[in-house]
file entry_8.cif (mmCIF, C-alpha atoms (C1' of nucleotides))
data_query
#
loop_
_atom_site.label_atom_id
_atom_site.label_comp_id
_atom_site.auth_asym_id
_atom_site.auth_seq_id
_atom_site.Cartn_x
_atom_site.Cartn_y
_atom_site.Cartn_z
CA MET A 216 75.66 59.79 19.68
CA PRO A 217 72.99 57.14 19.04
CA PRO A 218 69.53 58.56 18.26
CA ALA A 219 67.95 57.17 21.42
CA GLU A 220 70.63 58.72 23.58
CA LEU A 221 70.20 62.09 21.89
CA ALA A 222 66.44 61.89 22.38
CA ASN A 223 66.90 61.11 26.05
CA LYS A 224 69.21 64.05 26.51
CA TYR A 225 66.68 66.53 25.18
CA THR A 226 63.79 64.83 26.92
CA ASP A 227 65.61 65.23 30.22
CA GLN A 228 66.28 68.88 29.50
CA TYR A 229 62.65 69.39 28.64
CA PHE A 230 61.45 67.89 31.91
CA ALA A 231 63.98 69.89 33.90
CA ASN A 232 62.69 73.09 32.31
CA MET A 233 59.05 72.18 32.79
CA ASP A 234 59.62 71.27 36.42
CA ALA A 235 61.38 74.59 36.98
CA LEU A 236 58.39 76.36 35.45
CA ASN A 237 56.13 74.42 37.82
CA VAL A 238 54.40 72.63 34.96
CA GLU A 239 52.67 69.49 36.20
CA ARG A 240 53.52 66.20 34.58
CA ALA A 241 51.00 64.58 32.28
CA ASP A 242 49.83 61.02 32.93
CA VAL A 243 51.48 59.60 29.84
CA TYR A 244 54.45 60.64 27.74
CA PRO A 245 54.38 58.33 24.75
CA ARG A 246 57.25 58.27 22.28
CA ALA A 247 56.72 58.14 18.56
CA THR A 248 59.48 55.58 18.22
CA GLU A 249 57.64 53.21 20.55
CA GLU A 250 54.28 53.49 18.80
CA ILE A 251 55.16 52.06 15.42
CA PRO A 252 52.63 49.17 15.69
CA LYS A 253 49.75 51.65 16.12
CA VAL A 254 51.11 53.75 13.25
CA ILE A 255 51.14 50.72 10.98
CA GLU A 256 47.65 49.70 12.09
CA ILE A 257 46.26 53.13 11.15
CA ILE A 258 48.01 53.20 7.81
CA GLN A 259 46.64 49.77 6.98
CA GLY A 260 43.18 50.94 7.92
CA LEU A 261 43.49 54.02 5.73
CA LEU A 262 44.71 51.88 2.84
CA ALA A 263 41.75 49.53 3.25
CA LYS A 264 39.29 52.43 3.21
CA GLY A 265 40.83 54.02 0.13
CA TYR A 266 42.19 57.09 1.93
CA ALA A 267 45.76 56.09 1.19
CA TYR A 268 47.86 54.44 -1.47
CA GLU A 269 51.21 52.81 -1.65
CA SER A 270 53.85 54.03 -4.03
CA ASP A 271 57.33 52.62 -4.29
CA GLY A 272 57.64 51.56 -0.64
CA SER A 273 56.02 54.71 0.71
CA VAL A 274 52.39 55.33 1.61
CA TYR A 275 50.62 58.64 0.99
CA PHE A 276 47.34 60.07 2.19
CA ARG A 277 44.98 60.85 -0.68
CA VAL A 278 43.72 64.31 0.33
CA ARG A 279 41.14 64.44 -2.43
CA SER A 280 39.42 61.45 -0.83
CA PHE A 281 38.75 63.49 2.31
CA PRO A 282 36.26 66.29 1.50
CA ARG A 283 36.79 68.13 4.78
CA TYR A 284 40.48 68.56 4.08
CA GLY A 285 41.38 72.24 4.55
CA LYS A 286 38.44 73.09 6.80
CA LEU A 287 40.49 73.80 9.91
CA SER A 288 42.92 76.11 8.13
CA HIS A 289 40.31 77.63 5.81
CA ARG A 290 41.98 76.50 2.65
CA ASN A 291 40.78 74.72 -0.41
CA LEU A 292 42.87 72.36 -2.42
CA SER A 293 43.21 74.22 -5.68
CA GLU A 294 44.43 77.40 -3.99
CA MET A 295 47.08 75.56 -2.07
CA ILE A 296 49.32 74.46 -4.87
CA PRO A 297 52.09 76.94 -5.54
CA LYS A 298 52.89 77.52 -9.19
CA ASP A 299 56.61 76.96 -9.04
CA ALA A 300 56.42 73.90 -6.84
CA ASN A 301 58.54 70.87 -7.47
CA TYR A 302 56.64 67.89 -6.15
CA GLU A 303 57.62 64.32 -5.66
CA GLU A 304 56.50 62.47 -8.73
CA LYS A 305 55.63 59.42 -6.63
CA LYS A 306 52.47 61.15 -5.45
CA GLU A 307 49.14 61.01 -7.22
CA TYR A 308 48.45 64.59 -6.28
CA PRO A 309 50.83 67.33 -5.11
CA LEU A 310 49.20 67.90 -1.72
CA ASP A 311 49.07 64.26 -0.73
CA PHE A 312 51.29 63.78 2.28
CA ALA A 313 53.41 60.90 3.48
CA LEU A 314 52.11 58.40 6.03
CA TRP A 315 55.07 56.10 5.62
CA LYS A 316 58.35 56.89 3.97
CA ALA A 317 60.63 54.28 2.53
CA SER A 318 64.04 54.69 4.09
CA LYS A 319 67.08 55.49 2.04
CA PRO A 320 70.15 53.28 2.46
CA GLY A 321 71.90 54.02 5.74
CA GLU A 322 68.91 55.72 7.38
CA PRO A 323 67.28 54.36 10.53
CA PHE A 324 64.23 52.24 9.71
CA TRP A 325 61.46 50.03 10.99
CA GLU A 326 60.06 46.99 9.26
CA SER A 327 56.60 47.43 7.77
CA PRO A 328 54.24 45.75 5.31
CA TRP A 329 55.66 48.16 2.72
CA GLY A 330 59.30 47.47 3.48
CA LYS A 331 61.85 49.31 5.55
CA GLY A 332 60.88 52.85 6.38
CA ARG A 333 59.78 55.40 8.93
CA PRO A 334 56.49 57.11 9.78
CA GLY A 335 55.48 60.35 8.06
CA TRP A 336 55.71 63.45 10.19
CA HIS A 337 52.03 63.65 11.06
CA ILE A 338 50.85 60.09 11.58
CA GLU A 339 52.51 59.49 14.93
CA CYS A 340 50.43 62.23 16.53
CA SER A 341 47.24 60.58 15.35
CA ALA A 342 48.51 57.21 16.53
CA MET A 343 49.35 58.38 20.02
CA ALA A 344 46.19 60.45 20.41
CA LEU A 345 43.91 57.63 19.27
CA LYS A 346 45.70 55.07 21.39
CA TYR A 347 45.86 57.00 24.65
CA LEU A 348 42.97 59.48 24.42
CA GLY A 349 40.36 57.74 22.30
CA ASP A 350 38.69 58.34 18.96
CA SER A 351 37.33 61.77 19.85
CA ILE A 352 39.15 64.14 22.14
CA ASP A 353 37.90 67.30 23.82
CA ILE A 354 40.84 69.67 23.58
CA HIS A 355 43.85 69.61 21.31
CA GLY A 356 46.51 72.26 21.83
CA GLY A 357 49.37 73.46 19.74
CA GLY A 358 51.03 76.52 18.30
CA GLN A 359 49.38 78.54 15.57
CA ASP A 360 52.15 77.52 13.22
CA LEU A 361 50.92 73.94 13.36
CA VAL A 362 47.44 74.58 12.04
CA PHE A 363 48.56 73.77 8.54
CA PRO A 364 49.56 71.26 7.52
CA HIS A 365 50.12 69.35 10.75
CA HIS A 366 46.74 69.58 12.46
CA GLU A 367 44.89 69.49 9.18
CA ASN A 368 46.61 66.22 8.41
CA GLU A 369 45.95 64.84 11.87
CA ILE A 370 42.24 65.38 11.35
CA ALA A 371 42.30 63.71 7.95
CA GLN A 372 44.23 60.69 9.22
CA SER A 373 42.26 60.24 12.42
CA GLU A 374 38.77 60.81 11.09
CA GLY A 375 39.54 58.78 8.01
CA PHE A 376 40.68 55.87 10.14
CA THR A 377 38.02 55.96 12.86
CA GLN A 378 35.12 57.34 10.78
CA GLU A 379 34.37 59.33 13.92
CA THR A 380 33.72 63.08 13.70
CA PRO A 381 35.02 65.24 15.14
CA PHE A 382 38.44 63.97 16.06
CA VAL A 383 38.83 67.13 18.16
CA ARG A 384 36.05 69.20 19.71
CA TYR A 385 38.11 72.28 20.55
CA TRP A 386 41.39 73.36 19.05
CA LEU A 387 43.40 75.69 21.23
CA HIS A 388 46.05 77.34 19.13
CA ASN A 389 48.39 79.51 21.10
CA GLY A 390 50.15 82.57 19.75
CA LEU A 391 53.87 82.30 19.31
CA MET A 392 56.56 83.89 21.37
CA GLN A 393 58.37 86.54 19.45
CA LEU A 394 61.72 88.17 19.87
CA ASP A 395 62.32 91.43 18.08
CA LYS A 396 59.20 91.11 15.95
CA GLN A 397 60.14 87.64 14.76
CA LYS A 398 58.89 84.23 15.71
CA MET A 399 61.33 82.62 18.08
CA SER A 400 62.61 79.49 16.48
CA LYS A 401 65.46 77.12 16.56
CA SER A 402 65.95 77.38 12.83
CA THR A 403 66.57 81.13 12.88
CA GLY A 404 68.52 80.96 16.12
CA ASN A 405 66.77 83.93 17.62
CA LEU A 406 65.62 82.56 20.89
CA VAL A 407 65.79 82.92 24.61
CA SER A 408 65.68 79.48 26.16
CA VAL A 409 63.59 78.67 29.18
CA LYS A 410 66.84 78.04 30.97
CA ASP A 411 68.13 81.51 30.07
CA ALA A 412 64.93 83.11 31.24
CA LEU A 413 64.95 81.16 34.51
CA ALA A 414 68.49 82.32 35.18
CA HIS A 415 67.21 85.88 35.44
CA PHE A 416 63.57 85.59 36.43
CA SER A 417 61.46 83.45 38.73
CA SER A 418 58.97 81.00 37.29
CA ASP A 419 56.25 83.17 38.80
CA ALA A 420 57.52 86.17 36.84
CA ILE A 421 57.59 84.17 33.63
CA ARG A 422 54.08 82.90 34.26
CA LEU A 423 52.71 86.37 34.98
CA PHE A 424 54.28 87.54 31.72
CA VAL A 425 52.89 84.68 29.65
CA LEU A 426 49.48 84.46 31.30
CA GLY A 427 49.06 88.22 31.28
CA SER A 428 47.78 88.07 27.74
CA ASN A 429 45.36 85.79 25.96
CA TYR A 430 46.85 82.47 24.95
CA ARG A 431 45.82 83.07 21.35
CA ASN A 432 47.82 86.27 20.98
CA PRO A 433 51.49 86.36 20.14
CA LEU A 434 53.70 87.81 22.81
CA THR A 435 57.08 89.44 22.57
CA TYR A 436 59.82 88.56 24.98
CA SER A 437 61.47 91.55 26.58
CA GLU A 438 63.52 92.12 29.69
CA GLN A 439 61.21 94.94 30.62
CA ALA A 440 58.10 92.79 30.44
CA LEU A 441 59.71 90.01 32.48
CA GLU A 442 60.95 92.52 35.04
CA ALA A 443 57.40 93.82 35.36
CA GLY A 444 56.32 90.25 35.98
CA GLU A 445 58.95 89.88 38.66
CA ARG A 446 57.78 93.01 40.43
CA GLY A 447 54.19 91.85 40.19
CA ALA A 448 55.13 88.48 41.67
CA GLU A 449 56.80 90.24 44.56
CA ARG A 450 53.66 92.25 45.13
CA LEU A 451 51.55 89.11 45.33
CA ARG A 452 54.07 87.44 47.63
CA GLY A 453 54.02 90.49 49.86
CA ALA A 454 50.29 90.11 50.37
CA LEU A 455 50.89 86.63 51.77
CA THR A 456 53.22 87.66 54.59
CA PRO A 457 51.64 86.58 57.86
CA ARG A 458 49.69 89.28 59.68
CA ALA A 459 49.27 89.27 63.43
CA ASN A 460 47.05 91.03 65.91
CA ALA A 461 43.74 90.91 64.08
CA ASP A 462 41.22 93.22 65.69
CA GLU A 463 38.17 91.24 66.82
CA ARG A 464 35.92 94.22 66.14
CA VAL A 465 36.85 94.36 62.44
CA ALA A 466 34.99 92.01 60.14
CA LEU A 467 37.22 89.40 58.59
CA LEU A 468 37.97 89.81 54.92
CA ASP A 469 35.65 87.78 52.69
CA ALA A 470 37.54 86.63 49.60
CA GLY A 471 34.50 84.83 48.21
CA PRO A 472 33.60 87.45 45.59
CA PHE A 473 37.18 87.45 44.33
CA GLU A 474 37.22 83.70 44.02
CA GLN A 475 33.99 83.85 42.07
CA LYS A 476 35.36 86.49 39.68
CA PHE A 477 38.49 84.44 39.22
CA VAL A 478 36.54 81.34 38.28
CA GLU A 479 34.31 83.30 35.91
CA ALA A 480 37.37 84.71 34.15
CA MET A 481 38.90 81.27 33.77
CA ASP A 482 35.60 79.85 32.51
CA ASP A 483 35.62 82.54 29.82
CA ASP A 484 38.00 80.84 27.41
CA PHE A 485 40.85 80.92 29.92
CA ASN A 486 40.92 84.67 30.40
CA THR A 487 44.05 84.43 32.48
CA ALA A 488 44.79 88.13 32.18
CA GLN A 489 41.48 88.88 33.85
CA ALA A 490 42.13 86.18 36.44
CA ILE A 491 45.49 87.74 37.26
CA ALA A 492 43.83 91.13 37.63
CA VAL A 493 41.53 89.53 40.24
CA LEU A 494 44.60 88.23 42.06
CA PHE A 495 46.03 91.73 42.30
CA GLU A 496 42.70 93.14 43.42
CA LEU A 497 42.53 90.53 46.16
CA ALA A 498 46.10 91.27 47.18
CA LYS A 499 45.21 94.93 47.55
CA GLU A 500 42.17 94.07 49.66
CA ILE A 501 44.30 91.87 51.89
CA ASN A 502 46.86 94.62 52.41
CA ARG A 503 44.15 97.16 53.07
CA GLY A 504 42.23 94.86 55.37
CA ALA A 505 45.33 93.97 57.36
CA GLU A 506 46.08 97.65 57.79
CA GLN A 507 42.64 98.14 59.27
CA GLY A 508 43.05 95.19 61.59
CA ALA A 509 40.90 92.65 59.77
CA ASN A 510 41.66 88.96 59.94
CA VAL A 511 42.97 88.19 56.48
CA ALA A 512 44.35 84.70 57.03
CA GLU A 513 41.53 82.99 55.15
CA ALA A 514 41.75 85.50 52.30
CA GLN A 515 45.47 84.89 52.07
CA HIS A 516 44.79 81.18 51.88
CA ILE A 517 42.42 81.75 48.98
CA LEU A 518 44.89 84.02 47.22
CA LEU A 519 47.50 81.30 47.39
CA LYS A 520 45.01 78.72 46.18
CA LEU A 521 43.90 80.79 43.17
CA ALA A 522 47.48 81.67 42.31
CA GLY A 523 48.22 77.95 42.42
CA ILE A 524 45.60 77.34 39.74
CA LEU A 525 47.74 79.50 37.46
CA GLY A 526 50.82 77.58 38.54
CA LEU A 527 52.17 80.45 40.60
CA THR A 528 54.07 79.29 43.66
CA LEU A 529 54.46 82.73 45.28
CA LYS A 530 57.50 81.40 47.04
CA GLU A 531 60.53 83.54 47.67
CA ARG A 532 63.10 83.10 44.97
CA ALA A 533 66.59 82.45 46.29
CA GLN A 534 67.18 79.45 48.53
CA PRO A 535 70.47 80.10 50.34
CA THR A 536 71.49 77.83 53.17
CA PRO A 537 69.66 78.21 56.51
CA ASP A 538 72.93 79.12 58.24
CA ILE A 539 73.10 82.39 56.38
CA GLU A 540 69.58 83.22 57.36
CA ALA A 541 70.47 82.91 61.02
CA PHE A 542 73.29 85.41 60.57
CA ILE A 543 71.02 87.82 58.81
CA SER A 544 68.47 87.61 61.61
CA LEU A 545 71.20 88.23 64.14
CA LEU A 546 72.38 91.32 62.30
CA ALA A 547 68.84 92.56 62.00
CA SER A 548 68.10 92.18 65.69
CA THR A 549 71.39 93.78 66.65
CA ARG A 550 70.49 96.69 64.46
CA ASP A 551 67.15 96.91 66.26
CA ASN A 552 68.99 97.37 69.53
CA LEU A 553 71.06 100.13 67.98
CA ARG A 554 67.88 101.81 66.77
CA GLN A 555 66.37 101.63 70.24
CA ASN A 556 69.43 103.52 71.41
CA GLU A 557 69.09 105.93 68.48
CA GLN A 558 72.41 104.87 67.00
CA TRP A 559 71.15 105.76 63.55
CA GLN A 560 74.49 105.90 61.83
CA LEU A 561 75.47 102.37 62.74
CA ALA A 562 71.95 101.06 62.15
CA ASP A 563 71.85 102.64 58.70
CA ARG A 564 75.24 101.23 57.86
CA ILE A 565 74.08 97.71 58.64
CA ARG A 566 70.99 98.17 56.53
CA ARG A 567 72.97 99.67 53.68
CA GLU A 568 75.63 97.00 53.64
CA LEU A 569 73.10 94.22 53.92
CA ALA A 570 71.35 95.78 50.95
CA ASP A 571 74.60 95.62 49.02
CA LEU A 572 74.79 91.93 49.89
CA GLY A 573 71.28 91.35 48.59
CA VAL A 574 69.22 91.55 51.75
CA THR A 575 66.52 94.17 52.30
CA LEU A 576 65.44 95.18 55.80
CA GLU A 577 61.97 96.51 56.47
CA ASP A 578 61.10 98.20 59.77
CA THR A 579 57.44 97.68 60.56
CA PRO A 580 55.26 98.22 63.62
CA GLN A 581 55.51 94.44 64.18
CA GLY A 582 59.30 94.56 64.19
CA THR A 583 61.99 94.31 61.56
CA ARG A 584 61.52 91.92 58.66
CA TRP A 585 64.09 90.99 56.09
CA LYS A 586 63.99 89.42 52.63
CA TYR A 587 66.27 88.78 49.74
CA SER A 588 66.38 91.65 47.28
CA ARG A 589 65.53 91.06 43.71
CA ARG A 590 68.43 90.90 41.32
"C1'" G B 68 49.14 86.92 -3.97
"C1'" G B 69 45.73 83.56 -0.65
"C1'" C B 70 44.11 82.20 4.33
"C1'" G B 71 44.20 83.23 9.66
"C1'" G B 72 45.37 86.75 13.49
"C1'" C B 73 46.98 91.28 15.76
"C1'" G B 74 47.42 97.04 16.30
"C1'" U B 75 44.06 99.98 23.44
"C1'" A B 76 48.04 105.12 28.22
"C1'" G B 77 55.74 105.55 28.56
"C1'" C B 78 55.83 99.66 28.53
"C1'" C B 79 52.81 94.89 28.98
"C1'" A B 80 47.66 94.05 28.52
"C1'" A B 81 41.89 92.91 29.56
"C1'" G B 82 37.53 94.52 27.40
"C1'" A B 83 34.16 92.61 21.58
"C1'" G B 84 27.52 97.69 20.74
"C1'" G B 85 25.25 101.32 25.90
"C1'" U B 86 27.71 102.05 33.92
"C1'" U B 87 33.62 106.31 35.46
"C1'" A B 88 37.93 101.81 29.05
"C1'" A B 89 40.21 96.09 34.09
"C1'" G B 90 44.93 94.83 36.11
"C1'" G B 91 50.39 95.01 36.31
"C1'" C B 92 55.13 97.70 35.53
"C1'" A B 93 57.24 102.53 35.18
"C1'" G B 94 56.12 107.86 36.69
"C1'" G B 95 54.11 112.20 39.87
"C1'" G B 96 51.83 113.80 44.69
"C1'" G B 97 50.47 112.30 49.76
"C1'" U B 98 49.99 109.05 54.50
"C1'" C B 99 52.96 105.93 57.67
"C1'" U B 100 58.45 105.74 59.17
"C1'" G B 101 64.13 108.59 63.00
"C1'" C B 102 65.35 108.07 57.63
"C1'" A B 103 64.11 104.25 54.29
"C1'" A B 104 61.60 99.89 52.26
"C1'" A B 105 56.92 97.72 51.91
"C1'" A B 106 51.91 98.95 52.22
"C1'" C B 107 47.83 102.34 51.72
"C1'" C B 108 45.36 106.93 49.44
"C1'" C B 109 45.24 110.29 45.14
"C1'" C B 110 46.73 111.50 39.85
"C1'" G B 111 47.46 109.90 34.51
"C1'" A B 112 44.17 107.29 27.63
"C1'" U B 113 37.55 112.74 25.95
"C1'" A B 114 40.68 108.04 24.12
"C1'" C B 115 41.26 102.45 21.69
"C1'" G B 116 46.53 102.34 13.93
"C1'" G B 117 44.11 105.82 9.89
"C1'" C B 118 39.83 107.30 6.92
"C1'" G B 119 34.83 106.49 5.80
"C1'" G B 120 30.06 103.99 6.99
"C1'" U B 121 25.90 101.46 9.96
"C1'" U B 122 23.42 102.90 14.71
"C1'" C B 123 19.81 107.00 19.21
"C1'" G B 124 24.79 105.13 20.74
"C1'" A B 125 31.17 101.83 18.42
"C1'" A B 126 37.47 100.58 21.04
"C1'" U B 127 33.63 96.89 20.11
"C1'" C B 128 29.70 95.88 13.66
"C1'" C B 129 30.85 96.87 8.06
"C1'" G B 130 34.29 98.74 4.06
"C1'" C B 131 38.92 100.56 2.44
"C1'" C B 132 43.93 101.75 3.73
"C1'" C B 133 48.59 101.46 6.74
"C1'" G B 134 51.85 98.53 9.99
"C1'" C B 135 53.16 93.82 12.27
"C1'" C B 136 52.93 88.29 12.98
"C1'" G B 137 51.89 83.10 11.46
"C1'" C B 138 50.85 79.55 7.65
"C1'" C B 139 50.67 78.50 2.33
"C1'" U B 140 54.76 70.27 -0.47
"C1'" C B 141 59.49 68.01 1.64
"C1'" C B 142 60.60 70.87 10.79
"C1'" A B 143 56.79 69.00 13.72
#

call {"tool": "encode", "arguments": {"input": "entry_8.cif", "output": "structure tokens"}}
result
Amino acid sequence: MPPAELANKYTDQYFANMDALNVERADVYPRATEEIPKVIEIIQGLLAKGYAYESDGSVYFRVRSFPRYGKLSHRNLSEMIPKDANYEEKKEYPLDFALWKASKPGEPFWESPWGKGRPGWHIECSAMALKYLGDSIDIHGGGQDLVFPHHENEIAQSEGFTQETPFVRYWLHNGLMQLDKQKMSKSTGNLVSVKDALAHFSSDAIRLFVLGSNYRNPLTYSEQALEAGERGAERLRGALTPRANADERVALLDAGPFEQKFVEAMDDDFNTAQAIAVLFELAKEINRGAEQGANVAEAQHILLKLAGILGLTLKERAQPTPDIEAFISLLASTRDNLRQNEQWQLADRIRRELADLGVTLEDTPQGTRWKYSRR
RNA sequence: GGCGGCGUAGCCAAGAGGUUAAGGCAGGGGUCUGCAAAACCCCGAUACGGCGGUUCGAAUCCGCCCGCCGCCUCCA
């Protein structure tokens, strides 16, 4: 399979997964392979300023020329060199890293002022960030495992080229997903793919699981934790079911204080766990208010809005065809007639067998409701 | 070994010097219901990995120890 085709395949998979998780699309999705001119421009700039040097068709960044190198990851140069290391002899200094690598015969390559080659593994991020976001950006995300050397190198390349400091105002490094006490990674093969997770749990459940802890902390994937998220999602959905017959004499539920607490939590370094707690508190108030006859429609609207900020859809999970839903409603109303005639045995049988088929009936003062059971 | 981070009820997890230590899941009791389900009410850590220390006061600060995770040239 040609490289471009392979890249497209995984790009498509990525977007399918992100869409399923209700992740909004960014404005631009640049590709490293299409940004070679900017890469070359930056390398030339770094060469001109003395931050880089050419060696045998490759170009390396001279880390000792950049005094701030190591600041982000709290390292200093001398401590970073392992004793038993076997470094490329083409470098001036062991920790210098490649900006441009000469290609070996048979490898894919691009033409450059230094001959045929490919970008180093860090430069394309600087190139795309500087091109699309500007010389100084507010927030740069990434996993904790990228702090060194990747982000450290990005800073060195970008600030060296632009002479603008800082390249990034705030670094947001998220904790890594673990499975059985180990970092999930492709290289070790211990992973649960997004697709796998979505086969068993709703995107809302996955979001409640992930956002239930601080983004900086690692989190461990477990069926139990995801199941808890699913149940929580159902609880929030339940609070959104339409309520009728509001009592005019009961004050309508004011969700304002909840909205304010939610915003405060999010303003506090994205305290999503706290924000979710507010969602559950509001859901409880809605349920309680509705029970007492308060008009909760506006509060429900706010609950849905706040949940939406966290990317929660609060939509029912399964989407069977509408035809089936009509049959279910028919069965439910027939059962209601049986209940009116106190035909409990038959009524219970319908409820039980529907339950076996994945449909739950709920008898309420407003009539019988039904919904799809969770798996 | 170095650097960074984490260890809070059965499980997940917020809180970062001083109200009763959020919230969810699971569990127990109750209300409602023909019975259920859902919802609502009540209950659950004298306790925050361990040991010292600072302080009038610590889960929150300091030190040491234990356990776990990430990174420490050539995957980004």

call {"tool": "resolve_selection", "arguments": {"input": "entry_8.cif", "expression": "the PyMOL selection byres ((chain A and resi 371) around 8)", "output": "PyMOL selection string"}}
result
chain A and resi 278+281+283-284+367-370+372-375

call {"tool": "closest_residue", "arguments": {"input": "entry_8.cif", "among": "A:Ser544, A:Gly260, A:Asn486, A:Phe230", "to": "A81 of chain B", "atoms": "all atoms listed in the file"}}
result
A:Asn486

call {"tool": "interface_residues", "arguments": {"input": "entry_8.cif", "of": "chain B", "to": "chain A", "cutoff": "7 Å", "atoms": "only C-alpha atoms (C1' of nucleotides)", "output": "list of chain:residue names"}}
result
B:C70, B:C79, B:A80, B:A81, B:G90, B:G91, B:C92, B:A104, B:A105, B:A106, B:C107, B:G137, B:C138, B:C139, B:U140, B:A143

call {"tool": "closest_residue", "arguments": {"input": "entry_8.cif", "among": "B:C99, B:A112, B:C128, B:A89", "to": "G77 of chain B", "atoms": "all atoms listed in the file"}}
result
B:A112

call {"tool": "closest_residue", "arguments": {"input": "entry_8.cif", "among": "B:C78, B:C141, B:G68, B:G85", "to": "C123 of chain B", "atoms": "all atoms listed in the file"}}
result
B:G85

call {"tool": "atom_distance", "arguments": {"input": "entry_8.cif", "atom1": "atom CA of Gly265 of chain A", "atom2": "atom CA of Tyr308 of chain A"}}
result
14.5 Å

call {"tool": "residues_near_point", "arguments": {"input": "entry_8.cif", "point": "(50.3, 43.8, 11.6)", "cutoff": "9 Å", "atoms": "all atoms listed in the file", "output": "mmCIF file with C-alpha atoms, in the frame of the given file"}}
result
data_model
loop_
_atom_site.group_PDB
_atom_site.id
_atom_site.type_symbol
_atom_site.label_atom_id
_atom_site.label_comp_id
_atom_site.auth_asym_id
_atom_site.auth_seq_id
_atom_site.Cartn_x
_atom_site.Cartn_y
_atom_site.Cartn_z
ATOM 1 C CA PRO A 252 52.630 49.170 15.690
ATOM 2 C CA ILE A 255 51.140 50.720 10.980
ATOM 3 C CA GLU A 256 47.650 49.700 12.090
ATOM 4 C CA GLN A 259 46.640 49.770 6.980
ATOM 5 C CA SER A 327 56.600 47.430 7.770
ATOM 6 C CA PRO A 328 54.240 45.750 5.310
#

call {"tool": "closest_residue", "arguments": {"input": "entry_8.cif", "among": "A:Leu553, A:Ala420, A:Leu292, A:Ala459", "to": "Ala509 of chain A", "atoms": "all atoms listed in the file"}}
result
A:Ala459

call {"tool": "resolve_selection", "arguments": {"input": "entry_8.cif", "expression": "the PyMOL selection byres ((chain B and resi 118) around 9)", "output": "CSV table (one decimal) with C-alpha atoms (C1' of nucleotides), keeping the file's coordinate frame"}}
result
chain,number,residue,atom,x,y,z
B,117,G,C1',44.1,105.8,9.9
B,119,G,C1',34.8,106.5,5.8
B,131,C,C1',38.9,100.6,2.4
B,132,C,C1',43.9,101.8,3.7

call {"tool": "atom_distance", "arguments": {"input": "entry_8.cif", "atom1": "atom CA of Gly356 of chain A", "atom2": "atom CA of Tyr275 of chain A"}}
result
25.2 Å

call {"tool": "atom_distance", "arguments": {"input": "entry_8.cif", "atom1": "atom C1' of A125 of chain B", "atom2": "atom CA of Asp483 of chain A"}}
result
22.8 Å

call {"tool": "resolve_selection", "arguments": {"input": "entry_8.cif", "expression": "the PyMOL selection byres ((chain A and resi 528) around 8)", "output": "PyMOL selection string"}}
result
chain A and resi 237+419+519+522-523+526-527+529-530

call {"tool": "residues_around", "arguments": {"input": "entry_8.cif", "residues": "C115 of chain B", "least_positions_apart": "3", "cutoff": "10 Å", "atoms": "only C-alpha atoms (C1' of nucleotides)", "output": "ChimeraX atom specification"}}
result
/B:74-76,88,112,126-127

call {"tool": "residues_around", "arguments": {"input": "entry_8.cif", "residues": "segment 381-387 of chain A", "least_positions_apart": "3", "cutoff": "6 Å", "atoms": "only C-alpha atoms (C1' of nucleotides)", "output": "ChimeraX atom specification"}}
result
/A:351-356,374

call {"tool": "write_last_selection", "arguments": {"input": "entry_8.cif", "atoms": "C-alpha atoms", "output": "tab-separated table (two decimals), keeping the file's coordinate frame"}}
result
chain	number	residue	atom	x	y	z
A	351	SER	CA	37.33	61.77	19.85
A	352	ILE	CA	39.15	64.14	22.14
A	353	ASP	CA	37.90	67.30	23.82
A	354	ILE	CA	40.84	69.67	23.58
A	355	HIS	CA	43.85	69.61	21.31
A	356	GLY	CA	46.51	72.26	21.83
A	374	GLU	CA	38.77	60.81	11.09
